[in-house]
>>> print(open('final-v6.txt').read())   # compact mmCIF, C-alpha atoms and all ligand atoms
# COMPACT_ATOMS: atom_id res chain seq x y z
CA MET A 871 56.18 -115.39 97.75
CA HIS A 872 56.08 -112.10 99.60
CA TRP A 873 53.58 -109.67 98.06
CA ARG A 874 56.51 -107.44 97.07
CA SER A 875 57.92 -110.20 94.90
CA LYS A 876 54.46 -110.93 93.53
CA LEU A 877 54.33 -107.33 92.33
CA ILE A 878 57.23 -108.16 90.04
CA HIS A 879 56.38 -111.83 89.29
CA PRO A 880 52.58 -112.05 89.20
CA THR A 881 50.67 -115.18 88.27
CA ALA A 882 47.41 -113.29 87.68
CA GLN A 883 46.74 -112.25 84.07
CA ALA A 884 43.97 -110.78 81.95
CA PRO A 885 42.11 -113.38 79.90
CA SER A 886 43.60 -113.82 76.44
CA GLY A 887 41.68 -113.67 73.15
CA PHE A 888 40.95 -109.93 72.83
CA ARG A 889 40.66 -109.22 69.13
CA SER A 890 40.24 -105.62 68.02
CA LEU A 891 40.95 -103.58 64.91
CA VAL A 892 43.77 -101.65 66.57
CA THR A 893 47.45 -102.49 66.75
CA PRO A 894 48.29 -102.63 70.47
CA ILE A 895 50.85 -100.19 71.87
CA TYR A 896 53.67 -102.52 72.80
CA ARG A 897 56.09 -100.92 75.24
CA GLY A 898 59.36 -102.42 76.29
CA SER A 899 63.10 -101.96 76.40
CA THR A 900 64.21 -105.43 77.53
CA VAL A 901 63.17 -108.28 75.27
CA LEU A 902 63.04 -111.75 76.86
CA PHE A 903 64.77 -114.78 75.40
CA ASP A 904 63.92 -118.41 76.13
CA LYS A 905 67.54 -119.55 76.41
CA GLN A 906 70.89 -117.87 76.99
CA GLU A 907 71.94 -119.10 73.57
CA ASP A 908 69.12 -117.07 71.95
CA ALA A 909 70.26 -113.76 73.53
CA ALA A 910 71.52 -111.56 70.68
CA ASP A 911 71.77 -107.86 69.92
CA ASP A 912 70.65 -107.65 66.30
CA TRP A 913 68.69 -104.82 64.62
CA ARG A 914 67.41 -107.25 61.92
CA GLN A 915 64.33 -108.03 64.01
CA THR A 916 62.07 -108.67 61.02
CA GLU A 917 64.19 -111.71 60.13
CA ARG A 918 65.71 -112.72 63.48
CA GLY A 919 62.93 -111.93 65.95
CA TYR A 920 62.93 -109.33 68.70
CA THR A 921 66.17 -108.56 70.53
CA TYR A 922 65.93 -105.08 72.04
CA GLY A 923 63.29 -102.35 72.32
CA LEU A 924 65.50 -99.73 70.68
CA TYR A 925 65.13 -101.47 67.30
CA GLY A 926 61.37 -101.27 67.58
CA SER A 927 58.54 -102.95 69.45
CA PRO A 928 55.84 -104.69 67.36
CA THR A 929 53.91 -101.39 67.15
CA VAL A 930 56.89 -99.65 65.58
CA LEU A 931 57.76 -102.53 63.26
CA GLU A 932 54.15 -102.74 62.13
CA LEU A 933 54.25 -99.03 61.21
CA GLY A 934 57.47 -99.59 59.27
CA ALA A 935 56.03 -102.64 57.51
CA ARG A 936 52.87 -100.75 56.50
CA VAL A 937 54.83 -97.76 55.18
CA ALA A 938 57.06 -100.18 53.25
CA GLU A 939 53.97 -101.87 51.83
CA ILE A 940 52.45 -98.67 50.43
CA GLU A 941 55.81 -97.36 49.18
CA GLY A 942 56.79 -100.69 47.62
CA ALA A 943 59.97 -100.81 49.72
CA ARG A 944 62.02 -103.78 50.93
CA HIS A 945 61.94 -102.26 54.43
CA SER A 946 61.16 -98.93 56.14
CA PHE A 947 63.14 -97.92 59.21
CA VAL A 948 61.09 -95.78 61.61
CA VAL A 949 63.15 -92.95 63.11
CA PRO A 950 62.46 -90.01 65.45
CA GLY A 951 61.63 -87.48 62.71
CA GLY A 952 62.20 -86.42 59.12
CA GLN A 953 65.42 -84.64 60.01
CA ALA A 954 66.71 -87.77 61.81
CA ALA A 955 65.91 -89.70 58.62
CA ILE A 956 68.00 -87.23 56.59
CA ALA A 957 70.93 -87.51 59.03
CA LEU A 958 70.72 -91.31 58.94
CA VAL A 959 70.93 -91.35 55.14
CA TYR A 960 73.98 -89.07 55.08
CA LEU A 961 75.80 -90.98 57.81
CA ALA A 962 75.05 -94.37 56.24
CA PHE A 963 76.48 -93.48 52.83
CA CYS A 964 79.08 -90.75 53.38
CA LYS A 965 82.40 -91.00 55.18
CA ALA A 966 85.33 -88.61 55.70
CA GLY A 967 86.45 -87.47 52.25
CA SER A 968 83.08 -88.14 50.58
CA HIS A 969 81.32 -85.68 48.33
CA ALA A 970 77.53 -85.43 48.22
CA LEU A 971 75.08 -83.33 46.20
CA VAL A 972 71.91 -81.68 47.49
CA PRO A 973 69.51 -79.38 45.63
CA VAL A 974 69.66 -75.71 46.75
CA THR A 975 65.92 -76.10 47.32
CA GLY A 976 66.53 -78.95 49.80
CA TYR A 977 64.81 -78.85 53.18
CA GLY A 978 66.55 -76.08 55.18
CA PRO A 979 67.78 -78.27 58.06
CA ASN A 980 69.20 -80.76 55.51
CA ARG A 981 71.37 -77.92 54.15
CA GLU A 982 72.25 -76.86 57.71
CA LEU A 983 73.44 -80.38 58.51
CA ALA A 984 75.53 -80.31 55.34
CA ASP A 985 77.16 -77.01 56.30
CA GLY A 986 77.52 -77.92 59.98
CA LEU A 987 78.14 -81.38 61.36
CA LEU A 988 79.02 -82.96 58.00
CA LYS A 989 81.55 -80.28 57.13
CA GLY A 990 83.24 -80.96 60.47
CA LEU A 991 83.42 -84.65 59.53
CA ASN A 992 85.14 -83.74 56.25
CA ILE A 993 82.12 -84.64 54.14
CA GLU A 994 81.69 -82.05 51.39
CA VAL A 995 78.10 -81.38 50.39
CA GLU A 996 77.65 -79.30 47.26
CA ALA A 997 74.37 -77.56 46.48
CA TYR A 998 73.03 -77.87 42.91
CA ASP A 999 70.28 -76.30 40.81
CA PRO A 1000 67.15 -78.47 41.29
CA LEU A 1001 66.34 -78.14 37.56
CA ILE A 1002 69.74 -79.51 36.50
CA GLY A 1003 68.33 -82.85 35.24
CA ALA A 1004 70.81 -85.06 33.34
CA ASP A 1005 73.50 -82.37 33.65
CA ILE A 1006 74.02 -83.57 37.22
CA ALA A 1007 76.56 -85.89 35.53
CA LYS A 1008 78.93 -82.88 35.29
CA LEU A 1009 78.95 -82.51 39.07
CA ILE A 1010 79.69 -86.15 39.88
CA ARG A 1011 83.24 -86.70 41.13
CA PRO A 1012 85.16 -89.92 41.82
CA ASN A 1013 84.35 -89.49 45.53
CA THR A 1014 80.64 -88.63 45.11
CA ALA A 1015 78.81 -90.99 47.43
CA LEU A 1016 75.27 -89.65 47.46
CA ILE A 1017 72.91 -87.43 45.48
CA TRP A 1018 69.89 -86.03 47.27
CA THR A 1019 66.72 -85.17 45.42
CA GLU A 1020 63.66 -83.42 46.80
CA SER A 1021 60.71 -82.82 44.53
CA PRO A 1022 59.05 -80.40 44.89
CA GLY A 1023 61.76 -78.46 46.70
CA SER A 1024 61.09 -76.88 50.06
CA VAL A 1025 59.34 -73.48 49.99
CA THR A 1026 60.03 -72.57 46.34
CA MET A 1027 58.49 -75.85 45.07
CA GLU A 1028 60.69 -76.64 42.02
CA LEU A 1029 59.98 -80.11 40.62
CA GLN A 1030 62.95 -82.27 39.67
CA ASP A 1031 63.55 -84.67 36.79
CA VAL A 1032 64.30 -87.47 39.25
CA PRO A 1033 64.58 -90.27 36.63
CA ALA A 1034 67.17 -88.26 34.66
CA ILE A 1035 69.21 -87.67 37.83
CA VAL A 1036 68.93 -91.36 38.78
CA LYS A 1037 70.13 -92.40 35.31
CA ALA A 1038 73.19 -90.14 35.45
CA ALA A 1039 73.96 -91.19 39.03
CA HIS A 1040 73.64 -94.92 38.44
CA ALA A 1041 75.84 -94.69 35.35
CA ARG A 1042 78.59 -93.63 37.78
CA GLY A 1043 77.59 -95.99 40.60
CA VAL A 1044 76.26 -93.19 42.81
CA LEU A 1045 73.28 -93.70 45.13
CA VAL A 1046 70.22 -91.43 44.91
CA ALA A 1047 68.19 -90.49 47.97
CA LEU A 1048 64.82 -88.77 47.81
CA ASP A 1049 63.05 -86.63 50.38
CA ASN A 1050 59.54 -87.82 49.48
CA THR A 1051 57.71 -85.94 52.26
CA TYR A 1052 55.54 -83.82 49.94
CA ALA A 1053 54.21 -86.96 48.23
CA ALA A 1054 53.56 -88.72 51.56
CA GLY A 1055 55.36 -91.68 49.99
CA VAL A 1056 52.36 -92.27 47.69
CA LEU A 1057 51.89 -89.41 45.16
CA PHE A 1058 55.35 -90.11 43.71
CA ASP A 1059 56.55 -93.72 43.43
CA ALA A 1060 60.19 -93.39 44.45
CA PHE A 1061 61.30 -96.93 43.70
CA ALA A 1062 59.51 -97.17 40.36
CA HIS A 1063 61.50 -94.06 39.39
CA GLY A 1064 64.79 -95.70 40.34
CA VAL A 1065 65.53 -93.99 43.65
CA ASP A 1066 67.69 -96.06 46.03
CA VAL A 1067 66.61 -94.63 49.38
CA SER A 1068 63.40 -92.70 50.05
CA MET A 1069 62.70 -90.90 53.30
CA GLN A 1070 59.74 -88.94 54.51
CA ALA A 1071 58.68 -87.02 57.59
CA LEU A 1072 55.66 -88.94 58.93
CA THR A 1073 55.25 -85.77 60.99
CA LYS A 1074 53.46 -84.32 57.96
CA TYR A 1075 50.81 -86.37 56.13
CA ILE A 1076 50.94 -89.79 57.79
CA GLY A 1077 50.74 -88.30 61.28
CA GLY A 1078 48.35 -85.77 59.79
CA HIS A 1079 47.26 -84.06 63.00
CA SER A 1080 50.30 -82.00 64.12
CA ASP A 1081 50.71 -84.16 67.22
CA LEU A 1082 53.71 -86.36 66.54
CA LEU A 1083 57.23 -86.33 65.13
CA LEU A 1084 58.42 -89.39 63.21
CA GLY A 1085 60.24 -90.23 60.00
CA THR A 1086 60.95 -93.24 57.82
CA VAL A 1087 63.88 -94.30 55.68
CA SER A 1088 62.76 -96.80 53.05
CA VAL A 1089 65.11 -99.02 51.08
CA ALA A 1090 64.62 -101.29 48.10
CA SER A 1091 67.74 -103.48 48.13
CA GLU A 1092 69.63 -105.72 50.53
CA VAL A 1093 72.73 -103.54 50.25
CA THR A 1094 70.91 -100.35 51.31
CA TYR A 1095 69.01 -102.32 53.99
CA GLU A 1096 72.31 -103.41 55.56
CA ALA A 1097 73.94 -99.98 55.20
CA ILE A 1098 71.05 -98.08 56.79
CA GLY A 1099 70.36 -100.73 59.43
CA SER A 1100 73.88 -100.78 60.76
CA VAL A 1101 74.01 -96.99 61.23
CA PHE A 1102 70.42 -96.91 62.52
CA LYS A 1103 71.58 -99.22 65.30
CA GLN A 1104 74.78 -97.32 66.04
CA LEU A 1105 72.93 -94.02 66.34
CA GLY A 1106 70.26 -95.48 68.65
CA MET A 1107 67.36 -94.00 66.70
CA GLY A 1108 64.54 -95.60 68.70
CA VAL A 1109 61.02 -94.15 68.71
CA SER A 1110 58.09 -94.20 71.10
CA PRO A 1111 55.44 -96.89 70.46
CA ASP A 1112 52.78 -94.32 71.38
CA ASP A 1113 53.84 -92.10 68.50
CA ALA A 1114 53.95 -95.12 66.22
CA GLY A 1115 50.40 -96.00 67.30
CA LEU A 1116 49.23 -92.50 66.38
CA ALA A 1117 50.95 -92.77 63.00
CA LEU A 1118 49.23 -96.14 62.40
CA ARG A 1119 45.91 -94.44 63.04
CA GLY A 1120 46.89 -91.60 60.72
CA LEU A 1121 47.71 -94.06 57.93
CA GLN A 1122 44.13 -95.32 57.90
CA THR A 1123 42.76 -91.91 56.91
CA LEU A 1124 45.67 -90.81 54.68
CA GLY A 1125 43.68 -91.57 51.53
CA VAL A 1126 40.66 -89.43 52.35
CA ARG A 1127 42.75 -86.62 53.84
CA LEU A 1128 45.03 -86.38 50.82
CA GLU A 1129 42.10 -86.39 48.43
CA ARG A 1130 40.29 -83.64 50.30
CA LEU A 1131 43.46 -81.57 50.86
CA GLU A 1132 44.34 -81.74 47.17
CA LYS A 1133 40.89 -80.50 46.14
CA SER A 1134 40.73 -77.68 48.72
CA THR A 1135 44.30 -76.61 47.97
CA LEU A 1136 43.66 -76.39 44.23
CA GLU A 1137 40.56 -74.29 44.94
CA VAL A 1138 42.42 -71.85 47.20
CA ALA A 1139 45.48 -71.71 44.93
CA SER A 1140 43.31 -71.03 41.86
CA TRP A 1141 41.62 -68.14 43.65
CA LEU A 1142 44.98 -66.69 44.70
CA ASP A 1143 46.24 -66.96 41.13
CA LEU A 1144 43.55 -64.44 40.07
CA GLN A 1145 44.41 -61.81 42.69
CA HIS A 1146 46.27 -58.80 41.35
CA GLU A 1147 48.62 -58.62 44.36
CA ILE A 1148 50.04 -62.07 43.53
CA ALA A 1149 52.89 -62.38 41.00
CA SER A 1150 52.90 -66.18 40.97
CA VAL A 1151 51.50 -69.25 42.61
CA LEU A 1152 54.16 -71.91 43.17
CA HIS A 1153 52.04 -75.05 43.22
CA PRO A 1154 53.22 -78.22 41.40
CA ALA A 1155 49.93 -78.55 39.47
CA PHE A 1156 50.23 -75.00 38.08
CA PRO A 1157 52.23 -74.35 34.89
CA SER A 1158 53.81 -71.37 36.72
CA CYS A 1159 55.64 -73.81 39.00
CA PRO A 1160 59.21 -74.50 37.76
CA GLY A 1161 59.45 -78.13 36.65
CA HIS A 1162 55.63 -78.47 36.43
CA GLU A 1163 56.09 -80.89 33.48
CA PHE A 1164 57.84 -83.39 35.78
CA TRP A 1165 54.91 -83.27 38.18
CA LYS A 1166 52.57 -83.97 35.27
CA ARG A 1167 54.69 -86.86 34.08
CA ASP A 1168 55.63 -88.48 37.40
CA PHE A 1169 53.07 -87.67 40.13
CA SER A 1170 49.59 -89.06 40.73
CA GLY A 1171 48.36 -85.97 42.58
CA SER A 1172 49.25 -82.84 44.51
CA ALA A 1173 49.22 -82.07 48.21
CA SER A 1174 48.38 -79.21 50.58
CA VAL A 1175 51.49 -77.07 50.66
CA PHE A 1176 52.39 -74.33 48.15
CA SER A 1177 53.79 -70.82 48.06
CA ILE A 1178 52.69 -67.46 46.74
CA LEU A 1179 54.95 -64.66 45.61
CA PHE A 1180 53.63 -61.12 45.96
CA LYS A 1181 54.25 -58.55 43.22
CA SER A 1182 57.30 -56.34 43.66
CA ASP A 1183 55.23 -53.17 44.27
CA ILE A 1184 54.16 -54.74 47.56
CA SER A 1185 56.80 -54.40 50.26
CA ALA A 1186 58.12 -57.21 52.45
CA ASN A 1187 56.56 -55.36 55.40
CA GLN A 1188 53.17 -55.42 53.74
CA VAL A 1189 53.54 -59.13 53.10
CA GLY A 1190 54.36 -59.59 56.79
CA ALA A 1191 51.25 -57.56 57.67
CA PHE A 1192 49.20 -59.79 55.36
CA VAL A 1193 50.34 -62.89 57.30
CA ASP A 1194 49.67 -61.17 60.64
CA ARG A 1195 46.13 -60.32 59.57
CA LEU A 1196 45.13 -63.85 58.69
CA ARG A 1197 42.73 -65.32 61.23
CA LEU A 1198 41.98 -68.92 60.23
CA PHE A 1199 45.48 -69.43 58.86
CA LYS A 1200 47.82 -69.79 61.83
CA ILE A 1201 51.47 -68.79 61.66
CA GLY A 1202 53.77 -71.76 62.02
CA PHE A 1203 56.22 -74.21 60.48
CA SER A 1204 55.56 -77.80 59.49
CA TRP A 1205 52.46 -78.81 57.52
CA GLY A 1206 50.25 -81.72 56.57
CA GLY A 1207 47.89 -81.39 59.55
CA VAL A 1208 44.24 -80.35 59.62
CA THR A 1209 44.89 -76.62 60.15
CA ALA A 1210 45.67 -73.97 57.56
CA LEU A 1211 49.08 -72.37 58.13
CA ALA A 1212 51.02 -69.46 56.67
CA VAL A 1213 54.60 -68.33 57.05
CA ARG A 1214 56.62 -65.67 55.24
CA TYR A 1215 60.21 -66.46 54.28
CA PRO A 1216 62.30 -63.30 54.67
CA GLU A 1217 65.45 -64.87 53.25
CA LEU A 1218 65.95 -67.75 50.87
CA ASP A 1219 69.24 -69.08 49.55
CA ARG A 1220 68.30 -69.39 45.88
CA PRO A 1221 71.23 -68.31 43.69
CA GLY A 1222 70.15 -66.01 40.85
CA LYS A 1223 66.72 -65.43 42.41
CA ASP A 1224 65.64 -62.75 44.82
CA TYR A 1225 62.18 -63.18 46.26
CA GLY A 1226 62.64 -59.96 48.25
CA GLY A 1227 60.96 -61.35 51.36
CA ARG A 1228 57.66 -61.45 49.45
CA LEU A 1229 57.19 -65.21 49.47
CA VAL A 1230 54.61 -66.82 51.74
CA ARG A 1231 54.21 -70.56 52.12
CA LEU A 1232 50.71 -71.79 52.80
CA ASN A 1233 49.44 -75.11 54.06
CA ILE A 1234 45.78 -75.80 53.46
CA GLY A 1235 43.91 -77.72 56.15
CA LEU A 1236 40.52 -79.40 56.38
CA GLU A 1237 38.60 -76.12 56.80
CA GLU A 1238 36.03 -75.24 54.11
CA PRO A 1239 37.92 -73.63 51.20
CA ALA A 1240 35.35 -70.79 51.03
CA ASP A 1241 36.21 -69.78 54.60
CA LEU A 1242 39.94 -69.89 53.86
CA ILE A 1243 39.42 -67.76 50.75
CA ALA A 1244 37.38 -65.25 52.76
CA ASP A 1245 40.23 -65.08 55.27
CA LEU A 1246 42.84 -64.51 52.55
CA LYS A 1247 40.58 -61.86 50.97
CA GLN A 1248 40.18 -59.81 54.15
CA ALA A 1249 43.95 -60.00 54.78
CA LEU A 1250 44.74 -58.91 51.20
CA GLU A 1251 42.29 -56.00 51.47
CA SER A 1252 43.82 -54.73 54.68
CA VAL A 1253 47.30 -54.94 53.16
CA ALA A 1254 46.22 -52.79 50.25
CA LYS A 1255 45.20 -50.14 52.78
CA CYS A 1256 48.24 -50.49 55.02
CA GLU A 1257 50.85 -47.78 54.63
CA THR A 1258 53.91 -49.59 55.91
CA PRO A 1259 57.12 -48.23 54.40
CA ALA A 1260 59.03 -50.40 51.95
CA LEU A 1261 62.10 -52.14 53.34
CA PRO A 1262 65.40 -50.72 52.09
C1 LIG B 1301 59.28 -81.33 57.78
C2 LIG B 1301 60.23 -81.87 56.79
C3 LIG B 1301 61.31 -82.66 57.19
C4 LIG B 1301 61.65 -82.89 58.64
O1 LIG B 1301 60.69 -83.54 59.36
P1 LIG B 1301 60.67 -83.48 60.97
O2 LIG B 1301 59.85 -84.66 61.32
O3 LIG B 1301 60.05 -82.17 61.33
O4 LIG B 1301 62.09 -83.60 61.44
C5 LIG B 1301 62.13 -83.16 56.21
N1 LIG B 1301 61.93 -82.90 54.91
C6 LIG B 1301 60.91 -82.13 54.50
C7 LIG B 1301 60.74 -81.86 53.05
C8 LIG B 1301 60.03 -81.58 55.42
O5 LIG B 1301 59.06 -80.78 55.01
>>> encode(input="final-v6.txt", output="structure tokens")
Amino acid sequence: MHWRSKLIHPTAQAPSGFRSLVTPIYRGSTVLFDKQEDAADDWRQTERGYTYGLYGSPTVLELGARVAEIEGARHSFVVPGGQAAIALVYLAFCKAGSHALVPVTGYGPNRELADGLLKGLNIEVEAYDPLIGADIAKLIRPNTALIWTESPGSVTMELQDVPAIVKAAHARGVLVALDNTYAAGVLFDAFAHGVDVSMQALTKYIGGHSDLLLGTVSVASEVTYEAIGSVFKQLGMGVSPDDAGLALRGLQTLGVRLERLEKSTLEVASWLDLQHEIASVLHPAFPSCPGHEFWKRDFSGSASVFSILFKSDISANQVGAFVDRLRLFKIGFSWGGVTALAVRYPELDRPGKDYGGRLVRLNIGLEEPADLIADLKQALESVAKCETPALP
């Protein structure tokens, strides 16, 4: 053969038999078949064998299998991010004319999808009070196809009575989906509490280092496996094996990171709770958090993200100045990494509640809690001195 052909069809190979502790990064779009008759285009690779890279290389399927193992799922689909996971769940279970329910405290981009693309597809998504519990039954209509739960809710942290919602939903044959990102799929056992489909942003705790974007959609039954899988394929939600490799690495340290983050976060939150500028600490393990009793009943721990509400004699501008003056806490969205973060929410769609732009969400990282407290202290002190005018 000409050397140019040898470049494509080599006979030389590395010796086989390398055994390490790491899942290799398998790249590949085309998958080879032995015989023409074997060539198929099937997303059910776990059962049928590999058919196409888009449905996951072994690195990606291993990540899905390991997430499914710790969540107690039948299968976990790995998708490009948490928001992609949310979109996949909606599109798998809702069609034109469907009605769906989402808590007002749902992840912001979930609500945006509901009001945007889904509305255009004639799927009506109604927002409900996260503390509704069994009364969700009153909102179920003949065409209700899906009820979202998210506990705690994004930013304002309300815990939900998920089992009560599941009971009411199943009595009417309605599926329940859970955004289980806060719990990293482990601090709340979605399937033991009756949820049908559980998704999480691996971007947060499983990635754990702010360097990847991935999500999973986990299912417990054959019916949900088929429903999600078919739409997963149609939408072409493939992910990079490199990102999956990073997430596999992150999984190995999830236990120690969560334990440390919980402890540090409780320490910082407890300190904040004593500061006279703070009206309330919205942390699931604190009785001041709405729905705290459901956290106590259903969760095995708490995580690193929580919010603080400043007292009403402190202006929104002063709260903004407080965030600007933080040094160790960086300003940014997303959470679950090793770095402390802060962000003020100027506007929140929470009917009947006005936080007046005085709510700040914090993510605690792996810094020493004493240093984070010192940082919060200096920022609080400078706010007390700052003479910014109150917003109208
Ligand atoms: C971050 C987040 C998502 C979205 O995850 P991405 O990977 O950033 O798309 C979804 N739900 C919740 C609750 C989140 O915090």
>>> atom_distance(input="final-v6.txt", atom1="atom CA of A:Asp1049", atom2="atom CA of A:Ile895")
28.2 Å
>>> closest_residue(input="final-v6.txt", among="A:Leu1001, A:Leu933, A:Val1089, A:Ala1054", to="ligand LIG 1301 (chain B)", atoms="only C-alpha atoms and all ligand atoms")
A:Ala1054
>>> residues_around(input="final-v6.txt", residues="A:Ser1204", least_positions_apart="4", cutoff="9 Å", atoms="all atoms listed in the file", output="list in words")
Thr1073, Lys1074, Ser1080, Leu1211 and Asn1233 of chain A
>>> write_last_selection(input="final-v6.txt", atoms="C-alpha atoms", output="short mmCIF file (atom, residue, chain, number, x, y, z; two decimals), in the coordinates of the input")
data_model
loop_
_atom_site.label_atom_id
_atom_site.label_comp_id
_atom_site.auth_asym_id
_atom_site.auth_seq_id
_atom_site.Cartn_x
_atom_site.Cartn_y
_atom_site.Cartn_z
CA THR A 1073 55.25 -85.77 60.99
CA LYS A 1074 53.46 -84.32 57.96
CA SER A 1080 50.30 -82.00 64.12
CA LEU A 1211 49.08 -72.37 58.13
CA ASN A 1233 49.44 -75.11 54.06
#
>>> residues_near_ligand(input="final-v6.txt", ligand="ligand LIG 1301 (chain B)", cutoff="8 Å", atoms="all atoms listed in the file", output="PyMOL selection string")
chain A and resi 950-956+976-977+979-980+1020+1023-1024+1049-1052+1070-1074+1083-1085+1204-1205
>>> residues_around(input="final-v6.txt", residues="A:Val1193", least_positions_apart="4", cutoff="9 Å", atoms="only C-alpha atoms", output="number ranges by chain")
A: 1188-1189, 1197, 1199-1201, 1212-1214, 1230, 1249
>>> build_atoms(input="final-v6.txt", residues="stretch 1138-1160 of chain A", atoms="N, CA and C atoms", output="compact mmCIF listing (two decimals), in the frame of the given file")
# COMPACT_ATOMS: atom_id res chain seq x y z
N VAL A 1138 41.85 -73.06 46.59
CA VAL A 1138 42.42 -71.85 47.20
C VAL A 1138 43.52 -71.27 46.30
N ALA A 1139 44.37 -72.16 45.77
CA ALA A 1139 45.48 -71.71 44.93
C ALA A 1139 44.95 -71.04 43.65
N SER A 1140 43.89 -71.61 43.08
CA SER A 1140 43.31 -71.03 41.86
C SER A 1140 42.75 -69.64 42.13
N TRP A 1141 42.14 -69.47 43.29
CA TRP A 1141 41.62 -68.14 43.65
C TRP A 1141 42.78 -67.15 43.80
N LEU A 1142 43.82 -67.59 44.49
CA LEU A 1142 44.98 -66.69 44.70
C LEU A 1142 45.62 -66.28 43.37
N ASP A 1143 45.63 -67.21 42.44
CA ASP A 1143 46.24 -66.96 41.13
C ASP A 1143 45.55 -65.79 40.40
N LEU A 1144 44.30 -65.52 40.74
CA LEU A 1144 43.55 -64.44 40.07
C LEU A 1144 43.69 -63.09 40.78
N GLN A 1145 44.34 -63.07 41.93
CA GLN A 1145 44.41 -61.81 42.69
C GLN A 1145 45.54 -60.93 42.17
N HIS A 1146 45.27 -59.65 42.01
CA HIS A 1146 46.27 -58.80 41.35
C HIS A 1146 47.51 -58.54 42.20
N GLU A 1147 47.44 -58.80 43.50
CA GLU A 1147 48.62 -58.62 44.36
C GLU A 1147 49.65 -59.75 44.16
N ILE A 1148 49.20 -60.87 43.59
CA ILE A 1148 50.04 -62.07 43.53
C ILE A 1148 50.76 -62.17 42.18
N ALA A 1149 52.09 -62.26 42.24
CA ALA A 1149 52.89 -62.38 41.00
C ALA A 1149 52.86 -63.82 40.50
N SER A 1150 53.02 -64.80 41.42
CA SER A 1150 52.90 -66.18 40.97
C SER A 1150 52.55 -67.12 42.09
N VAL A 1151 51.88 -68.19 41.68
CA VAL A 1151 51.50 -69.25 42.61
C VAL A 1151 52.43 -70.42 42.32
N LEU A 1152 53.20 -70.81 43.33
CA LEU A 1152 54.16 -71.91 43.17
C LEU A 1152 53.55 -73.19 43.72
N HIS A 1153 52.76 -73.82 42.88
CA HIS A 1153 52.04 -75.05 43.22
C HIS A 1153 52.34 -76.05 42.09
N PRO A 1154 52.79 -77.27 42.43
CA PRO A 1154 53.22 -78.22 41.40
C PRO A 1154 52.23 -78.42 40.26
N ALA A 1155 50.93 -78.31 40.52
CA ALA A 1155 49.93 -78.55 39.47
C ALA A 1155 49.70 -77.33 38.59
N PHE A 1156 50.40 -76.22 38.87
CA PHE A 1156 50.23 -75.00 38.08
C PHE A 1156 51.42 -74.86 37.11
N PRO A 1157 51.14 -74.50 35.87
CA PRO A 1157 52.23 -74.35 34.89
C PRO A 1157 53.26 -73.30 35.33
N SER A 1158 52.87 -72.38 36.24
CA SER A 1158 53.81 -71.37 36.72
C SER A 1158 54.86 -71.94 37.67
N CYS A 1159 54.69 -73.19 38.06
CA CYS A 1159 55.64 -73.81 39.00
C CYS A 1159 56.82 -74.38 38.21
N PRO A 1160 58.06 -73.97 38.51
CA PRO A 1160 59.21 -74.50 37.76
C PRO A 1160 59.27 -76.04 37.84
